[in-house]
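*Asks:* I have a structure I would like to understand better, so I am pasting it below and will then ask my questions one at a time.
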Amino acid sequence: MSEQHGSWSGFPEPTHHSVSAPHWQAELNWPAGSRTLAYGNGRSYGDVCQNPGGNLTLMRGLSRLRFFDREKGLICAEAGVTLGELLAVTEPAGWFLPVTPGTQFVTLGGAVANDVHGKNHHLRGSFGHHVQSFNLLRSDGRTLACSRESNAEYFRASIGGLGLTGIITDVTVQLMRVPGPAIKTETLRMANLHEFFELNRASSDFEYTVSWIDCTARGKQMGRGFFIRGDHTESPPTPPLKRKSVPLTPPLSLINRLSVQAFNTLYSHKQWRKSVTSVQQRDSFFYPLDGLRHWNRLYGPKGFLQYQCVLPSLVAESACEEMLGHISDNGGGSFLVVLKAFGDIAPEGILSFPRDGITLALDFPFEGKPTLDLLARLDAITRAAHGAVYPAKDARMRGEDFRFYYPDWQQLDALRDPAIGSGFWQRVTGDT
Amino acid sequence: MNIIIVGATSAMAQHTARRYAKAGNRFVLIARNAQKLTAVADDLRARGAECETLTLDINDLDAHAGCVSASIAAAAPDLLLMAHGTLPDQQACEQDTALMMQEFATNGSSSLALLNEYARVFEAKGSGSIVVITSVAGDRGRQSNYVYGAAKAAVSTYLSGLRNRLSKCGVSVIDIRPGFVDTPMTADFSKGALWAKPEQIAAGIEKAVAKKRNIVYLPGFWWAIMLIIRNIPEVIFKRLSL
Ligand SMILES: Cc1cc2nc3c(=O)[nH]c(=O)nc-3n(C[C@H](O)[C@H](O)[C@H](O)COP(=O)(O)OP(=O)(O)OC[C@H]3O[C@@H](n4cnc5c(N)ncnc54)[C@H](O)[C@@H]3O)c2cc1C
Ligand SMILES: NC(=O)c1ccc[n+]([C@@H]2O[C@H](COP(=O)([O-])OP(=O)(O)OC[C@H]3O[C@@H](n4cnc5c(N)ncnc54)[C@H](OP(=O)(O)O)[C@@H]3O)[C@@H](O)[C@H]2O)c1
């Protein structure tokens with residue numbers, strides 16, 4: 001059967017794939033004559049979850065739990081379960097995901113394959129650091145039990161391995177004990193970029209830190225925004241968030257210069273006081289965007305691009321400044337700019353993105369060449385700073401840049417399953 | 001709560017079971033494939049429920065009585081969910097009567113045989129809910145799918161009579177009629193706007209049990225669609241290709 005399964009940003013335009021949709025482990029198979037790629041929940045922005053001309057193995061049908069040890073906080077589940085579905089089971093028992101990205105709609109397999117990070121990288125590292133083991137199905141029929149002790153090379157290659165080493169069938173994760181899922185937060189107003197770096201240094205004991213900045217601000221106000229830090233707290237159980245949905249894709253992007261400017265101005269004036277503390281429920285703290293289902297449709301049929309890079313600590317401040325300068329000069333702006341510090345923690349995977357430094361994430365509506373040109377200028381800054389761009393968010397970086405950011409890519413390529421391919425890998429390695 | 005599920009490996013049954021899976025609830029899961037059953041039971045156990053599994057091919061009528069008594073040995077059931085089924089190849093059935101009878105048995109008569117046993121169990125207990133997944137296809141015979149439709153209609157009619165009988169003793173009998181649902185049974189269909197996810201059906205089943213409903217179309221808009229379909233005069237209906 002042929003179906004369309006796109007990526008989150010709608011760029012590049014989704015193509016039809018032949019698909020297989022296993023509901024049982026025994027139904028996982030390898031299509032004859034074409035390469036396949038595991039597809040989690042399509043929450044990657046670009047083409048790491050696309051396989052043009054090939055097959056997709058849809059993993060959502062495999063979403064059963066295997067076991068949950070409530071004493072040790074160890075949970076094992078099939079790779080197609082979403083993090084939100086896991087939390088629904090672990091939270092009442094006092095256990096939380098030690099690392100969670102900004103949406104609960106990602107699968108366990110996707111979280112491993114992109115080695116996702118959360119707002120606590122400075123303390124906990126990335127998702128892969130908490131994976132105890134997983135099973136990896138190879139096209140030669142073997143199932144490799146991978147952990148730090150056994151098949152360690154496949155373990156390291158598959159964490160952040162972009163789905164290329166095989167199909168991850170189930171994963172065992174060590175959870176984190178928390179007093180409650182809600183977060184006691186402190187939101188601090190920052191006047192400029194320099195304050196971000198100061199606040200960041202002063203906040204390393206907080207479990208979570210993240211900043212939202214107004215990228216339309218220039219000059220002395222460049223980098224104004226909010227610094228948010230928080231810790232888990234005891235609280236009543238999370239009431240389900242009332243979800244709204246964008247029912248269809250409007251013919252034009254609703255996100256344009258005007259709305260971006262208005263939003264950023266409003267957002268940066270939402271709080272006059274220097275600091276506000278509050279208790280936020282899990283969903284509003286970790287997953288604010290999940291409250292609006294299909295928000296990606298707001299960008300219209302042409303879709304959008306996200307740019308997420310990491311800039312090494314040593315040069316982060318000047319490199320960030322240069323980037324923000326380019327963006328505000330360009331006037332296009334980005335709806336939300338997220339700034340956050342990664343800690344100096346050795347990566348678990350060969351191709352893991354998180355590394356010591358500051359990570360910056362921006363969304364741009366796709367307006368053709370001007371958008372690509374702007375991002376190319378950002379690439380030049382990232383490259384000069386010896387940083388890296390995040391494959392999970394990418395649909396356009398040049399192959400030579402990728403190979404520069406991830407010099408060990410050939411180690412992964414050597415362990416790639418010959419029956420697996422992806423649009424991303426083809427693009428950045430020139431593989432055919 | 002003690003819950004028995006027949007066809008426990010079906011997608012709709014699994015999602016329904018997850019909604020009831022918590023400490024204090026106990027499942028007896030019945031299905032024909034032991035390996036799949038183990039995976040389903042592990043999932044529900046990880047969610048805190050207690051589980052026992054029994055294998056049964058619904059068409060093995062001689063095994064029904066033993067299966068029923070094993071399933072109630074530890075505790076009397078509060079809820080029975082019947083969810084097994086197949087989607088017959090209608091054209092193949094037209095050419096092969098043995099196949100047709102087999103499909104009719106799986107979706108119809110064998111279900112009735114098992115229901116007949118459980119009816120006495122619930123009648124003796126005098127409480128609880130019997131929930132059976134039939135289909136909108138049972139509301140009217142269509143040329144594309146009438147073997148399946150006839151079997152589901154037989155079950156729906158049986159349930160209507162059973163409801164009449166058991167309402168006197170406080171047992172609710174609930175007929176769940178889903179429309180198009182994206183499950184392994186319909187893997188080969190291309191899916192359009194009318195299609196629902198098994199999670200939605202599961203939520204609807206839980207609500208129907210809580211509210212002791214009788215006949216429930218899921219999602220609810222199928223009630224209106226089937227009202228129209230049922231009321232098309234036969235002189236017109238017979239000319240349509242449905
Ligand atoms: C609103 C939003 C916020 C986000 N916030 C963050 C964030 O804070 N931090 C962060 O790190 N990321 C973030 N992301 C990105 C997201 O976490 C990753 O792209 C994630 O990997 C998506 O998971 P998925 O299950 O949708 O996988 P997909 O996008 O479908 O696939 C991702 C990759 O995983 C592979 N894969 C999936 N399943 C398997 C499997 N079973 N076996 C082998 N390979 C597999 C695929 O082949 C592909 O290479 C965000 C995304 C969105 C939409
Ligand atoms: N999907 C739809 O669009 C739709 C619409 C209306 C009604 N329904 C009804 O909904 C119910 C659930 O189906 P589903 O959609 O969830 O499909 P499903 O996942 O394919 O489940 C069907 C189940 O029936 C079991 N089964 C088949 N033959 C059996 C037999 N002889 N003995 C015992 N078990 C048998 C299968 O067991 P194995 O796993 O061992 O094969 C499977 O678990 C069925 O009654 C179906 O008729 C479905």
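Scheme for the structure tokens: letters A, B, ... for chains in order shown; per-chain residue numbers from 1; ligand numbers from 1 in order shown.
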What's the 12 Å shell around Leu378 (chain A), counting only C-alpha atoms, without same-chain residues fewer than 2 positions away, as a ChimeraX atom specification?

*Replies:* /A:306-311,319-327,330,360-362,371-376,380-385,387-389,397,401

*Asks:* What are the nearest atom pairs, with distances in Å to one decimal, for all residues of chain A that come at most 9 Å from chain B, using only C-alpha atoms, set out by chain and rising residue number as a tab-separated table?

*Replies:*
residue	atom	partner	partner_atom	distance
A:Met1	CA	B:Asp188	CA	7.3
A:Ser2	CA	B:Ser190	CA	8.9
A:Glu3	CA	B:Ser190	CA	8.4
A:Ala21	CA	B:Ala187	CA	8.0
A:Pro22	CA	B:Pro184	CA	8.5
A:His23	CA	B:Pro184	CA	7.2
A:Trp24	CA	B:Lys36	CA	7.5
A:Arg64	CA	B:Asp43	CA	5.4
A:Leu65	CA	B:Asp43	CA	4.4
A:Arg66	CA	B:Asp42	CA	5.5
A:Phe67	CA	B:Ala46	CA	4.7
A:Phe68	CA	B:Ala46	CA	4.9
A:Asp69	CA	B:Ala46	CA	7.9
A:Ile75	CA	B:Ala46	CA	8.4
A:Cys76	CA	B:Ala46	CA	9.0
A:Ala77	CA	B:Asp43	CA	8.3
A:Val89	CA	B:Arg47	CA	6.3
A:Thr90	CA	B:Arg47	CA	8.7

*Asks:* If we count only C-alpha atoms, what is near Leu56 (chain B) at a cut-off of 9 Å, once residues fewer than 5 positions away on the same chain are taken out, given as a PDB file with N, CA and C atoms, in the first residue's frame?

*Replies:*
ATOM      1  N   VAL B   6     -13.220 -11.707  25.281  1.00  0.00           N
ATOM      2  CA  VAL B   6     -13.102 -12.718  24.227  1.00  0.00           C
ATOM      3  C   VAL B   6     -12.636 -11.990  22.960  1.00  0.00           C
ATOM      4  N   GLY B   7     -11.583 -12.504  22.331  1.00  0.00           N
ATOM      5  CA  GLY B   7     -10.981 -11.779  21.206  1.00  0.00           C
ATOM      6  C   GLY B   7     -10.080 -10.676  21.748  1.00  0.00           C
ATOM      7  N   ILE B  30      -9.119 -13.966  26.618  1.00  0.00           N
ATOM      8  CA  ILE B  30      -9.340 -15.156  25.793  1.00  0.00           C
ATOM      9  C   ILE B  30      -9.085 -14.803  24.322  1.00  0.00           C
ATOM     10  N   ALA B  31      -8.236 -15.587  23.674  1.00  0.00           N
ATOM     11  CA  ALA B  31      -7.991 -15.396  22.230  1.00  0.00           C
ATOM     12  C   ALA B  31      -7.333 -16.666  21.701  1.00  0.00           C
ATOM     13  N   ARG B  32      -7.147 -16.723  20.385  1.00  0.00           N
ATOM     14  CA  ARG B  32      -6.671 -18.000  19.848  1.00  0.00           C
ATOM     15  C   ARG B  32      -5.158 -18.085  19.739  1.00  0.00           C
ATOM     16  N   ASN B  33      -4.456 -16.930  19.779  1.00  0.00           N
ATOM     17  CA  ASN B  33      -3.017 -16.949  19.572  1.00  0.00           C
ATOM     18  C   ASN B  33      -2.289 -16.687  20.888  1.00  0.00           C
ATOM     19  N   ALA B  63     -15.010 -26.679  23.002  1.00  0.00           N
ATOM     20  CA  ALA B  63     -14.146 -26.115  24.048  1.00  0.00           C
ATOM     21  C   ALA B  63     -14.830 -24.993  24.825  1.00  0.00           C
ATOM     22  N   HIS B  64     -16.000 -24.535  24.346  1.00  0.00           N
ATOM     23  CA  HIS B  64     -16.645 -23.374  24.985  1.00  0.00           C
ATOM     24  C   HIS B  64     -16.913 -23.565  26.467  1.00  0.00           C
ATOM     25  N   CYS B  67     -13.895 -23.470  28.639  1.00  0.00           N
ATOM     26  CA  CYS B  67     -13.313 -22.128  28.660  1.00  0.00           C
ATOM     27  C   CYS B  67     -14.130 -21.211  29.572  1.00  0.00           C
TER      28      CYS B  67
END

*Asks:* Neighbouring residues of ligand 2 are defined here as those with any atom at most 8 Å from a ligand atom, counting only C-alpha atoms and all ligand atoms; list them as a PyMOL selection string.

*Replies:* chain B and resi 6-13+31-33+36+56-59+82-87+106-107+132-137+152+177-186+195+198

*Asks:* Would you list the contacts of Arg163 (chain B) as a list in words, taking every protein, DNA or RNA residue within 7 Å and counting only C-alpha atoms, but skipping same-chain residues closer than 4 positions in sequence?

*Replies:*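 Final neighbour list, sorted by chain and number: Leu159, Ser167, Ser172 and Val173 of chain B.
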
*Asks:* Go ahead and save the picked residues with N, CA, C and O atoms, as a PDB file, in the first residue's frame.

*Replies:*
ATOM      1  N   LEU B 159     -28.805 -10.173  20.774  1.00  0.00           N
ATOM      2  CA  LEU B 159     -28.545  -9.287  21.915  1.00  0.00           C
ATOM      3  C   LEU B 159     -29.806  -8.545  22.335  1.00  0.00           C
ATOM      4  O   LEU B 159     -30.055  -8.322  23.514  1.00  0.00           O
ATOM      5  N   SER B 167     -32.645  -7.742  31.365  1.00  0.00           N
ATOM      6  CA  SER B 167     -32.911  -6.450  32.006  1.00  0.00           C
ATOM      7  C   SER B 167     -33.721  -6.656  33.286  1.00  0.00           C
ATOM      8  O   SER B 167     -33.632  -5.885  34.223  1.00  0.00           O
ATOM      9  N   SER B 172     -26.824  -5.445  32.198  1.00  0.00           N
ATOM     10  CA  SER B 172     -26.994  -4.663  30.971  1.00  0.00           C
ATOM     11  C   SER B 172     -26.328  -5.367  29.801  1.00  0.00           C
ATOM     12  O   SER B 172     -25.256  -5.950  29.920  1.00  0.00           O
ATOM     13  N   VAL B 173     -27.002  -5.304  28.674  1.00  0.00           N
ATOM     14  CA  VAL B 173     -26.526  -5.951  27.454  1.00  0.00           C
ATOM     15  C   VAL B 173     -26.314  -4.841  26.422  1.00  0.00           C
ATOM     16  O   VAL B 173     -27.254  -4.148  26.053  1.00  0.00           O
TER      17      VAL B 173
END

*Asks:* Show which residues sit within 10 Å of Leu240 (chain B), as JSON, numbers by chain. Count only C-alpha atoms, and ignore same-chain residues fewer than 6 positions away.

*Replies:* {"B": [142, 143, 234]}

*Asks:* Report as an mmCIF file with all heavy atoms, in the first residue's frame which protein, DNA and RNA residues come within 6 Å of ligand 1, using only C-alpha atoms and all ligand atoms.

*Replies:*
data_model
loop_
_atom_site.group_PDB
_atom_site.id
_atom_site.type_symbol
_atom_site.label_atom_id
_atom_site.label_comp_id
_atom_site.auth_asym_id
_atom_site.auth_seq_id
_atom_site.Cartn_x
_atom_site.Cartn_y
_atom_site.Cartn_z
ATOM 1 N N TRP A 8 7.032 16.916 10.348
ATOM 2 C CA TRP A 8 6.234 17.902 11.065
ATOM 3 C C TRP A 8 6.163 19.248 10.361
ATOM 4 O O TRP A 8 5.164 19.954 10.440
ATOM 5 C CB TRP A 8 6.785 18.045 12.486
ATOM 6 C CG TRP A 8 5.942 18.903 13.352
ATOM 7 C CD1 TRP A 8 6.289 20.105 13.897
ATOM 8 C CD2 TRP A 8 4.593 18.648 13.779
ATOM 9 N NE1 TRP A 8 5.245 20.599 14.635
ATOM 10 C CE2 TRP A 8 4.191 19.725 14.572
ATOM 11 C CE3 TRP A 8 3.684 17.601 13.551
ATOM 12 C CZ2 TRP A 8 2.929 19.805 15.157
ATOM 13 C CZ3 TRP A 8 2.416 17.680 14.128
ATOM 14 C CH2 TRP A 8 2.056 18.756 14.914
ATOM 15 N N LEU A 37 12.454 2.360 6.324
ATOM 16 C CA LEU A 37 12.883 3.235 7.408
ATOM 17 C C LEU A 37 11.791 3.223 8.462
ATOM 18 O O LEU A 37 10.608 3.328 8.129
ATOM 19 C CB LEU A 37 13.081 4.668 6.889
ATOM 20 C CG LEU A 37 13.515 5.711 7.936
ATOM 21 C CD1 LEU A 37 14.954 5.450 8.379
ATOM 22 C CD2 LEU A 37 13.387 7.134 7.391
ATOM 23 N N ALA A 38 12.195 3.074 9.721
ATOM 24 C CA ALA A 38 11.198 3.140 10.794
ATOM 25 C C ALA A 38 10.644 4.557 10.868
ATOM 26 O O ALA A 38 11.396 5.527 10.778
ATOM 27 C CB ALA A 38 11.830 2.744 12.128
ATOM 28 N N TYR A 39 9.327 4.656 10.999
ATOM 29 C CA TYR A 39 8.654 5.950 11.135
ATOM 30 C C TYR A 39 7.931 5.938 12.463
ATOM 31 O O TYR A 39 7.084 5.079 12.714
ATOM 32 C CB TYR A 39 7.672 6.114 9.974
ATOM 33 C CG TYR A 39 6.910 7.425 9.928
ATOM 34 C CD1 TYR A 39 7.410 8.528 9.240
ATOM 35 C CD2 TYR A 39 5.672 7.549 10.553
ATOM 36 C CE1 TYR A 39 6.704 9.715 9.173
ATOM 37 C CE2 TYR A 39 4.957 8.742 10.492
ATOM 38 C CZ TYR A 39 5.476 9.821 9.801
ATOM 39 O OH TYR A 39 4.765 11.000 9.732
ATOM 40 N N GLY A 40 8.322 6.860 13.348
ATOM 41 C CA GLY A 40 7.718 6.877 14.688
ATOM 42 C C GLY A 40 6.386 7.588 14.644
ATOM 43 O O GLY A 40 5.364 7.019 14.293
ATOM 44 N N ASN A 41 6.395 8.883 14.989
ATOM 45 C CA ASN A 41 5.151 9.647 14.924
ATOM 46 C C ASN A 41 5.327 10.895 14.061
ATOM 47 O O ASN A 41 4.537 11.830 14.165
ATOM 48 C CB ASN A 41 4.685 10.013 16.338
ATOM 49 C CG ASN A 41 3.176 10.126 16.422
ATOM 50 O OD1 ASN A 41 2.457 9.639 15.554
ATOM 51 N ND2 ASN A 41 2.684 10.794 17.453
ATOM 52 N N GLY A 42 6.384 10.916 13.258
ATOM 53 C CA GLY A 42 6.573 12.026 12.319
ATOM 54 C C GLY A 42 6.741 13.386 12.978
ATOM 55 O O GLY A 42 6.399 14.397 12.390
ATOM 56 N N ARG A 43 7.294 13.420 14.196
ATOM 57 C CA ARG A 43 7.477 14.706 14.878
ATOM 58 C C ARG A 43 8.835 15.320 14.574
ATOM 59 O O ARG A 43 9.167 16.373 15.099
ATOM 60 C CB ARG A 43 7.291 14.532 16.391
ATOM 61 C CG ARG A 43 5.959 15.057 16.928
ATOM 62 C CD ARG A 43 4.801 14.660 16.097
ATOM 63 N NE ARG A 43 3.545 15.220 16.582
ATOM 64 C CZ ARG A 43 2.359 14.771 16.210
ATOM 65 N NH1 ARG A 43 2.273 13.764 15.358
ATOM 66 N NH2 ARG A 43 1.258 15.321 16.661
ATOM 67 N N SER A 44 9.624 14.653 13.746
ATOM 68 C CA SER A 44 10.845 15.289 13.271
ATOM 69 C C SER A 44 10.433 16.314 12.231
ATOM 70 O O SER A 44 9.467 16.114 11.504
ATOM 71 C CB SER A 44 11.781 14.261 12.653
ATOM 72 O OG SER A 44 12.171 13.347 13.636
ATOM 73 N N VAL A 48 14.675 13.228 8.287
ATOM 74 C CA VAL A 48 15.204 12.022 8.943
ATOM 75 C C VAL A 48 14.144 10.927 9.021
ATOM 76 O O VAL A 48 14.470 9.750 9.122
ATOM 77 C CB VAL A 48 15.784 12.268 10.369
ATOM 78 C CG1 VAL A 48 16.987 13.180 10.334
ATOM 79 C CG2 VAL A 48 14.735 12.768 11.333
ATOM 80 N N CYS A 49 12.858 11.314 8.959
ATOM 81 C CA CYS A 49 11.796 10.301 9.020
ATOM 82 C C CYS A 49 11.156 10.081 7.645
ATOM 83 O O CYS A 49 10.033 9.596 7.564
ATOM 84 C CB CYS A 49 10.750 10.668 10.075
ATOM 85 S SG CYS A 49 9.886 12.210 9.729
ATOM 86 N N MET A 59 5.608 2.526 13.071
ATOM 87 C CA MET A 59 5.841 1.857 14.356
ATOM 88 C C MET A 59 4.719 2.038 15.372
ATOM 89 O O MET A 59 4.708 1.373 16.401
ATOM 90 C CB MET A 59 7.158 2.370 14.971
ATOM 91 C CG MET A 59 8.394 2.067 14.144
ATOM 92 S SD MET A 59 8.626 0.293 13.816
ATOM 93 C CE MET A 59 8.950 -0.326 15.476
ATOM 94 N N ALA A 79 8.603 0.052 20.851
ATOM 95 C CA ALA A 79 9.162 1.343 20.426
ATOM 96 C C ALA A 79 8.127 2.340 19.922
ATOM 97 O O ALA A 79 8.390 3.535 19.859
ATOM 98 C CB ALA A 79 10.221 1.116 19.356
ATOM 99 N N PRO A 101 11.377 15.804 25.496
ATOM 100 C CA PRO A 101 11.405 16.906 24.544
ATOM 101 C C PRO A 101 10.154 17.763 24.691
ATOM 102 O O PRO A 101 9.304 17.484 25.547
ATOM 103 C CB PRO A 101 11.438 16.203 23.193
ATOM 104 C CG PRO A 101 10.760 14.908 23.423
ATOM 105 C CD PRO A 101 11.044 14.529 24.847
ATOM 106 N N GLY A 102 10.000 18.759 23.839
ATOM 107 C CA GLY A 102 8.905 19.710 23.954
ATOM 108 C C GLY A 102 7.563 19.248 23.430
ATOM 109 O O GLY A 102 6.642 20.050 23.296
ATOM 110 N N THR A 103 7.432 17.974 23.127
ATOM 111 C CA THR A 103 6.128 17.420 22.770
ATOM 112 C C THR A 103 6.039 16.005 23.312
ATOM 113 O O THR A 103 7.036 15.281 23.333
ATOM 114 C CB THR A 103 5.885 17.424 21.241
ATOM 115 O OG1 THR A 103 4.704 16.656 20.974
ATOM 116 C CG2 THR A 103 7.047 16.819 20.467
ATOM 117 N N VAL A 106 5.991 12.117 20.743
ATOM 118 C CA VAL A 106 7.067 11.384 20.074
ATOM 119 C C VAL A 106 7.098 9.959 20.612
ATOM 120 O O VAL A 106 6.730 9.704 21.748
ATOM 121 C CB VAL A 106 8.451 12.049 20.258
ATOM 122 C CG1 VAL A 106 8.374 13.531 19.971
ATOM 123 C CG2 VAL A 106 8.997 11.818 21.641
ATOM 124 N N THR A 107 7.544 9.045 19.781
ATOM 125 C CA THR A 107 7.605 7.655 20.210
ATOM 126 C C THR A 107 8.937 7.386 20.920
ATOM 127 O O THR A 107 9.910 8.135 20.770
ATOM 128 C CB THR A 107 7.499 6.692 19.018
ATOM 129 O OG1 THR A 107 8.640 6.874 18.168
ATOM 130 C CG2 THR A 107 6.217 6.914 18.216
ATOM 131 N N GLY A 109 10.939 4.952 20.219
ATOM 132 C CA GLY A 109 11.952 4.686 19.184
ATOM 133 C C GLY A 109 12.513 5.977 18.597
ATOM 134 O O GLY A 109 13.720 6.114 18.392
ATOM 135 N N GLY A 110 11.630 6.948 18.356
ATOM 136 C CA GLY A 110 12.057 8.234 17.824
ATOM 137 C C GLY A 110 12.922 8.985 18.832
ATOM 138 O O GLY A 110 13.885 9.655 18.459
ATOM 139 N N ALA A 111 12.580 8.864 20.116
ATOM 140 C CA ALA A 111 13.356 9.547 21.163
ATOM 141 C C ALA A 111 14.778 8.993 21.222
ATOM 142 O O ALA A 111 15.733 9.726 21.439
ATOM 143 C CB ALA A 111 12.661 9.402 22.515
ATOM 144 N N ALA A 113 16.312 7.323 18.584
ATOM 145 C CA ALA A 113 16.984 7.488 17.288
ATOM 146 C C ALA A 113 17.455 8.922 17.043
ATOM 147 O O ALA A 113 18.370 9.150 16.267
ATOM 148 C CB ALA A 113 16.070 7.029 16.159
ATOM 149 N N ASN A 114 16.807 9.914 17.698
ATOM 150 C CA ASN A 114 17.317 11.286 17.592
ATOM 151 C C ASN A 114 18.033 11.689 18.876
ATOM 152 O O ASN A 114 18.428 12.842 19.025
ATOM 153 C CB ASN A 114 16.191 12.272 17.281
ATOM 154 C CG ASN A 114 15.934 12.401 15.788
ATOM 155 O OD1 ASN A 114 16.870 12.360 15.003
ATOM 156 N ND2 ASN A 114 14.679 12.553 15.409
ATOM 157 N N VAL A 116 16.972 12.541 21.828
ATOM 158 C CA VAL A 116 16.358 13.835 22.116
ATOM 159 C C VAL A 116 16.805 14.397 23.465
ATOM 160 O O VAL A 116 17.237 13.660 24.358
ATOM 161 C CB VAL A 116 14.808 13.757 22.057
ATOM 162 C CG1 VAL A 116 14.354 13.306 20.671
ATOM 163 C CG2 VAL A 116 14.267 12.830 23.140
ATOM 164 N N HIS A 117 16.660 15.688 23.595
ATOM 165 C CA HIS A 117 17.046 16.379 24.827
ATOM 166 C C HIS A 117 15.857 17.151 25.365
ATOM 167 O O HIS A 117 14.877 17.385 24.654
ATOM 168 C CB HIS A 117 18.195 17.348 24.550
ATOM 169 C CG HIS A 117 17.840 18.347 23.480
ATOM 170 N ND1 HIS A 117 18.096 18.105 22.149
ATOM 171 C CD2 HIS A 117 17.216 19.549 23.535
ATOM 172 C CE1 HIS A 117 17.653 19.128 21.433
ATOM 173 N NE2 HIS A 117 17.103 20.011 22.243
ATOM 174 N N GLY A 118 15.967 17.554 26.616
ATOM 175 C CA GLY A 118 14.911 18.352 27.241
ATOM 176 C C GLY A 118 15.496 19.617 27.828
ATOM 177 O O GLY A 118 16.555 20.074 27.404
ATOM 178 N N LEU A 162 19.481 7.888 13.967
ATOM 179 C CA LEU A 162 18.557 8.303 12.895
ATOM 180 C C LEU A 162 17.866 7.115 12.217
ATOM 181 O O LEU A 162 17.541 7.175 11.040
ATOM 182 C CB LEU A 162 19.308 9.150 11.855
ATOM 183 C CG LEU A 162 20.138 10.312 12.427
ATOM 184 C CD1 LEU A 162 20.907 11.016 11.318
ATOM 185 C CD2 LEU A 162 19.264 11.296 13.181
ATOM 186 N N GLY A 163 17.678 6.039 12.977
ATOM 187 C CA GLY A 163 16.935 4.886 12.459
ATOM 188 C C GLY A 163 17.712 4.017 11.501
ATOM 189 O O GLY A 163 17.151 3.085 10.915
ATOM 190 N N GLY A 166 18.935 -0.248 12.201
ATOM 191 C CA GLY A 166 18.004 -1.362 12.301
ATOM 192 C C GLY A 166 16.703 -0.832 12.868
ATOM 193 O O GLY A 166 16.557 0.376 13.072
ATOM 194 N N ILE A 167 15.770 -1.727 13.111
ATOM 195 C CA ILE A 167 14.513 -1.292 13.712
ATOM 196 C C ILE A 167 14.557 -1.602 15.202
ATOM 197 O O ILE A 167 14.774 -2.752 15.600
ATOM 198 C CB ILE A 167 13.313 -1.972 13.024
ATOM 199 C CG1 ILE A 167 13.221 -1.438 11.585
ATOM 200 C CG2 ILE A 167 12.022 -1.709 13.781
ATOM 201 C CD1 ILE A 167 12.108 -2.026 10.771
ATOM 202 N N ILE A 168 14.412 -0.567 16.003
ATOM 203 C CA ILE A 168 14.392 -0.743 17.451
ATOM 204 C C ILE A 168 13.005 -1.268 17.799
ATOM 205 O O ILE A 168 12.000 -0.624 17.478
ATOM 206 C CB ILE A 168 14.678 0.591 18.160
ATOM 207 C CG1 ILE A 168 16.071 1.101 17.783
ATOM 208 C CG2 ILE A 168 14.539 0.449 19.668
ATOM 209 C CD1 ILE A 168 16.342 2.547 18.197
ATOM 210 N N THR A 169 12.940 -2.443 18.410
ATOM 211 C CA THR A 169 11.616 -3.032 18.654
ATOM 212 C C THR A 169 11.087 -2.694 20.034
ATOM 213 O O THR A 169 9.895 -2.495 20.209
ATOM 214 C CB THR A 169 11.648 -4.561 18.490
ATOM 215 O OG1 THR A 169 12.610 -5.089 19.411
ATOM 216 C CG2 THR A 169 12.030 -4.950 17.074
ATOM 217 N N LEU A 289 3.027 23.570 23.306
ATOM 218 C CA LEU A 289 2.548 23.543 21.922
ATOM 219 C C LEU A 289 1.571 22.403 21.664
ATOM 220 O O LEU A 289 0.789 22.451 20.723
ATOM 221 C CB LEU A 289 3.736 23.442 20.955
ATOM 222 C CG LEU A 289 4.611 24.698 20.876
ATOM 223 C CD1 LEU A 289 5.891 24.417 20.102
ATOM 224 C CD2 LEU A 289 3.849 25.843 20.232
ATOM 225 N N ALA A 392 17.353 16.218 13.556
ATOM 226 C CA ALA A 392 15.910 16.019 13.768
ATOM 227 C C ALA A 392 15.103 17.220 13.286
ATOM 228 O O ALA A 392 13.921 17.111 12.999
ATOM 229 C CB ALA A 392 15.616 15.784 15.248
#

*Asks:* Give the answer as one residue: which of B:Leu194, B:Val209, B:Leu79, B:Ile3 has the shortest atom-to-atom distance to Ser127 (chain B), using only C-alpha atoms?

*Replies:* B:Leu79

*Asks:* Region 30-229 of chain B: which residues are alpha helix (DSSP H) by DSSP, as a ChimeraX atom specification?

*Replies:* /B:34-46,64-72,90-95,97-104,110-125,146-166,198-210,221-229

*Asks:* Report as a list in words all protein, DNA and RNA residues lying within 12 Å of Ala262 (chain A), evaluated on only C-alpha atoms, omitting residues in the same chain fewer than 4 positions from it.

*Replies:*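 Near Ala262 (chain A), the qualifying residues are Asp214, Cys215, Thr216, Ala217, Ile255, Asn256, Arg257, Leu258, Leu266, Tyr267, Ser268, His269, Gly333, Ser334, Phe335 and Leu336 of chain A.
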
*Asks:* Could you dump the residues just selected with C-alpha atoms as a compact mmCIF listing (two decimals), in the first residue's frame?

*Replies:*
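Saved to selection36.txt:
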# COMPACT_ATOMS: atom_id res chain seq x y z
CA ASP A 214 12.08 38.11 21.13
CA CYS A 215 14.11 37.97 17.96
CA THR A 216 12.67 41.16 16.59
CA ALA A 217 14.44 43.22 19.27
CA ILE A 255 2.65 33.25 10.35
CA ASN A 256 4.20 36.22 8.65
CA ARG A 257 6.18 39.34 9.46
CA LEU A 258 3.19 41.12 10.96
CA LEU A 266 3.13 41.17 23.14
CA TYR A 267 5.04 38.23 24.52
CA SER A 268 7.98 40.24 25.70
CA HIS A 269 5.64 42.63 27.52
CA GLY A 333 11.75 36.83 12.36
CA SER A 334 10.71 33.66 14.00
CA PHE A 335 7.67 33.05 16.12
CA LEU A 336 9.52 31.77 19.09
